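Okay, so here's the structure we're looking at.
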Amino acid sequence: MDFTYTALPSRIVFGPGKRACVGAEVEAIGAHRALILCTPDQREQAQQIANFLGKRCAGIHDGAQMHVPIESARTAREVARDLQADCAVAVGGGSTIGLGKAIALESSLPIIAIPTTYAGSEMTPVYGITKNGLKTTGKDARVVPRSVIYDPELTYTLPVEMSLVSGMNAIAHAAEGLYARDGNPVMSLMAEEGIRALAQGMPVLRTEPKDVEARSQCLYGAWLCGTVLGHVGMALHHKLCHTLGGSFNLPHAQTHTIVLPHALAYNSPAAPDAMARIARAIGASDGPQGLYDLARQLGVPLALHDLGVEEADLDRACEIALANPYWNPRTIEAQPLRALLQRAWEGTAPKS
Ligand code: NAD
């Protein structure tokens with residue numbers, strides 16, 4: 001065993017109804033006027049948070065958008081300044097938390113996150129901003145939320161399919177964390193437990209979207225998986241999803257859901273311990289096949305052609321994925337990578 005483990009500072013408040021603690025969390029970071037961030041879709045949830053904040057609420061800004069266009073970040077910063085906000089409370093998924101991070105990056109305004117999906121952005125120092133159609137990402141400790149409130153009741157309204165693909169997206173962070181070059185035993189414990197919790201909760205919420213225990217399991221799993229994403233490097237799976245998503249404008253969580261079993265099968269010969277831990281977490285005999293079976297059982301998209309990708313685009317996707325080399329437990333080679341993409345496009349079972 002040989003590792004370096006640097007933990008990011010984090011404060012987590014978890015439990016059904018915990019959104020009511022938002023005022024205490026604002027005070028705990030020494031702030032008095034919170035600007036609430038949300039998308040137009042989540043204005044009602046933001047209003048609930050405003051009610052809990054009372055006079056500590058400076059206003060609601062519902063300008064969060066997918067991929068954080070730079071214009072939306074500039075506008076939000078101006079709103080925060082005009083309202084003399086001394087912190088921001090981001091209520092929503094990765095896009096809204098991303099807007100909070102973009103504000104924090106320029107102004108050092110502290111952020112409190114109230115995540116309502118399983119994407120995990122609230123636990124990472126990674127930010128993304130889109131300028132002239134190009135998304136650039138970076139890492140900065142200033143964007144890490146000072147406090148995170150996980151309230152499973154806020155996920156009741158997340159549509160079932162979106163919940164399930166978001167859960168598979170979270171599992172992807174933990175699965176790649178298990179073979180990360182800079183991995184460590186603490187992250188591996190979190191990763192395995194995160195996968196277990198999501199694999200246990202998701203089949204229940206498919207039929208009972210308001211089952212508080214299932215929603216709690218999934219959000220707890222999402223926290224663990226997001227923590228892994230924030231602490232260790234990702235590899236083939238995340239790079240492929242980034243390439244496919246950026247080149248063909250594909251939905252984020254669905255792309256992760258489809259690609260995951262295939263990317264893991266590719267890496268399986270080089271990462272047997274990680275695959276054993278994934279298999280154990282989901283109660284299957286094989287990790288990649290078990291995740292494919294789980295996705296099929298959940299009824300989520302299994303094939304890139306379901307997302308509108310043309311078979312003729314696969315060669316280009318393969319070339320782009322090979323263009324910028326990066327670390328991966330197994331060497332990335334054109335032919336097996338193209339075969340992986342073909343299986344992901346068809347939605348057939350994964351093969352190592
Ligand atoms: P999202 O934030 O884009 O949300 C999708 C839609 O669902 C939005 O309209 C949102 O308002 C709505 N929604 C979210 N939660 C809801 C709820 N509980 N009830 C009803 N509607 C709800 O989706 P996402 O998958 O959470 O985030 C994806 C984005 O986050 C991507 O841009 C991705 O790159 C980024 N991301 C960043 C990191 C990071 O570490 N920086 C990590 C993961 C994801």
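Each chain of the structure tokens is named A, B, ... in the order shown, its residues numbered from 1; ligands are numbered from 1 in display order.
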
(message) Could you pull out the strand (DSSP E) residues of range 143-224 of chain A, going by DSSP on the backbone, and write them as a ChimeraX atom specification?
(response) /A:147-150

Restricting it to N, CA, C and O atoms, dump the selection as a PDB file, in the first residue's frame.
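The result, written out as part_14.pdb:
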ATOM      1  N   SER A 147     -20.812  24.638   2.782  1.00  0.00           N
ATOM      2  CA  SER A 147     -21.718  23.749   3.497  1.00  0.00           C
ATOM      3  C   SER A 147     -22.661  23.129   2.461  1.00  0.00           C
ATOM      4  O   SER A 147     -23.011  23.785   1.475  1.00  0.00           O
ATOM      5  N   VAL A 148     -23.026  21.862   2.653  1.00  0.00           N
ATOM      6  CA  VAL A 148     -23.934  21.191   1.712  1.00  0.00           C
ATOM      7  C   VAL A 148     -25.097  20.603   2.502  1.00  0.00           C
ATOM      8  O   VAL A 148     -24.893  19.862   3.472  1.00  0.00           O
ATOM      9  N   ILE A 149     -26.309  20.979   2.100  1.00  0.00           N
ATOM     10  CA  ILE A 149     -27.505  20.428   2.747  1.00  0.00           C
ATOM     11  C   ILE A 149     -28.118  19.406   1.793  1.00  0.00           C
ATOM     12  O   ILE A 149     -28.521  19.749   0.677  1.00  0.00           O
ATOM     13  N   TYR A 150     -28.141  18.154   2.209  1.00  0.00           N
ATOM     14  CA  TYR A 150     -28.755  17.089   1.407  1.00  0.00           C
ATOM     15  C   TYR A 150     -30.114  16.775   2.026  1.00  0.00           C
ATOM     16  O   TYR A 150     -30.184  16.201   3.120  1.00  0.00           O
TER      17      TYR A 150
END

(request) Skip Leu134 in chain A itself and residues of its chain fewer than 5 positions away, then list as a list in words all residues within 12 Å of it, counting only C-alpha atoms. (result)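 So, after excluding close chain neighbours, the residues are His67, Val68, Pro69, Ile70, Gly128, Ile129, Gly246, Ser247 and Asn249 of chain A.
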
(request) Tell me which of A:Thr130, A:Thr116, A:Thr207, A:Gln297 sits closest to ligand 1, counting only C-alpha atoms and all ligand atoms. (result)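 Closest to ligand 1, using only C-alpha atoms and all ligand atoms: A:Thr116.
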
For the contact check between chain A and ligand 1, emit one row per residue of chain A within 6 Å, containing the shortest atom pair and the distance in Å rounded to one decimal, counting only C-alpha atoms and all ligand atoms, chain then rising number order, as a tab-separated table.
residue	atom	partner	partner_atom_place_in_ligand_line	distance
A:Thr39	CA	ligand 1	11 (O)	4.9
A:Asp41	CA	ligand 1	11 (O)	4.9
A:Gln42	CA	ligand 1	11 (O)	5.2
A:Met66	CA	ligand 1	3 (O)	5.0
A:His67	CA	ligand 1	32 (O)	4.4
A:Gly92	CA	ligand 1	15 (N)	5.0
A:Gly93	CA	ligand 1	2 (O)	3.2
A:Gly94	CA	ligand 1	30 (O)	3.2
A:Ser95	CA	ligand 1	2 (O)	3.8
A:Thr96	CA	ligand 1	2 (O)	5.6
A:Thr116	CA	ligand 1	18 (N)	4.2
A:Thr117	CA	ligand 1	26 (O)	4.8
A:Ala119	CA	ligand 1	43 (C)	4.4
A:Gly120	CA	ligand 1	43 (C)	5.0
A:Ser121	CA	ligand 1	42 (C)	3.6
A:Thr124	CA	ligand 1	40 (O)	4.8
A:Val126	CA	ligand 1	41 (N)	4.3
A:Tyr127	CA	ligand 1	41 (N)	4.5
A:Leu154	CA	ligand 1	18 (N)	5.3
A:Thr155	CA	ligand 1	18 (N)	3.9
A:Thr157	CA	ligand 1	19 (N)	4.0
A:Leu158	CA	ligand 1	19 (N)	3.6
A:Ser166	CA	ligand 1	25 (O)	5.9
A:His252	CA	ligand 1	31 (C)	6.0
A:Ala253	CA	ligand 1	25 (O)	5.6

(request) Find the distance between CA of Asp151 in chain A and CA of Gly63 in chain A and write it in Å to one decimal. (result)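 A separation of 22.4 Å between them.
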
(message) Report, in Å with one decimal, the straight-line distance from CA of Gly30 in chain A to CA of Val79 in chain A.
(response)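 Those two atoms sit 20.4 Å apart.
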
(request) Skip Val228 in chain A itself and residues of its chain fewer than 4 positions away, then list as a list of chain:residue names all residues within 9 Å of it, counting only C-alpha atoms. (result) A:Met123, A:Thr124, A:His173, A:Ala174, A:Glu176, A:Gly177, A:Leu178, A:Gly183, A:Met187, A:Ser188, A:Met190, A:Ala191, A:Trp223, A:Leu224, A:Val232, A:Gly233

(request) Pick out the residues sitting within 8 Å of range 304-309 of chain A, and hand them over as a PyMOL selection string; count only C-alpha atoms, and ignore anything fewer than 6 positions along from it in its own chain. (result) chain A and resi 248+250+255+258+344-347

(request) Identify, on the basis of only C-alpha atoms, every residue whose closest approach to Ile278 in chain A does not exceed 12 Å; exclude the query and any residue fewer than 6 positions from it along the same chain; express the result as a ChimeraX atom specification. (result) /A:171-179,188-199,261,264-265,268,271-272,284-291
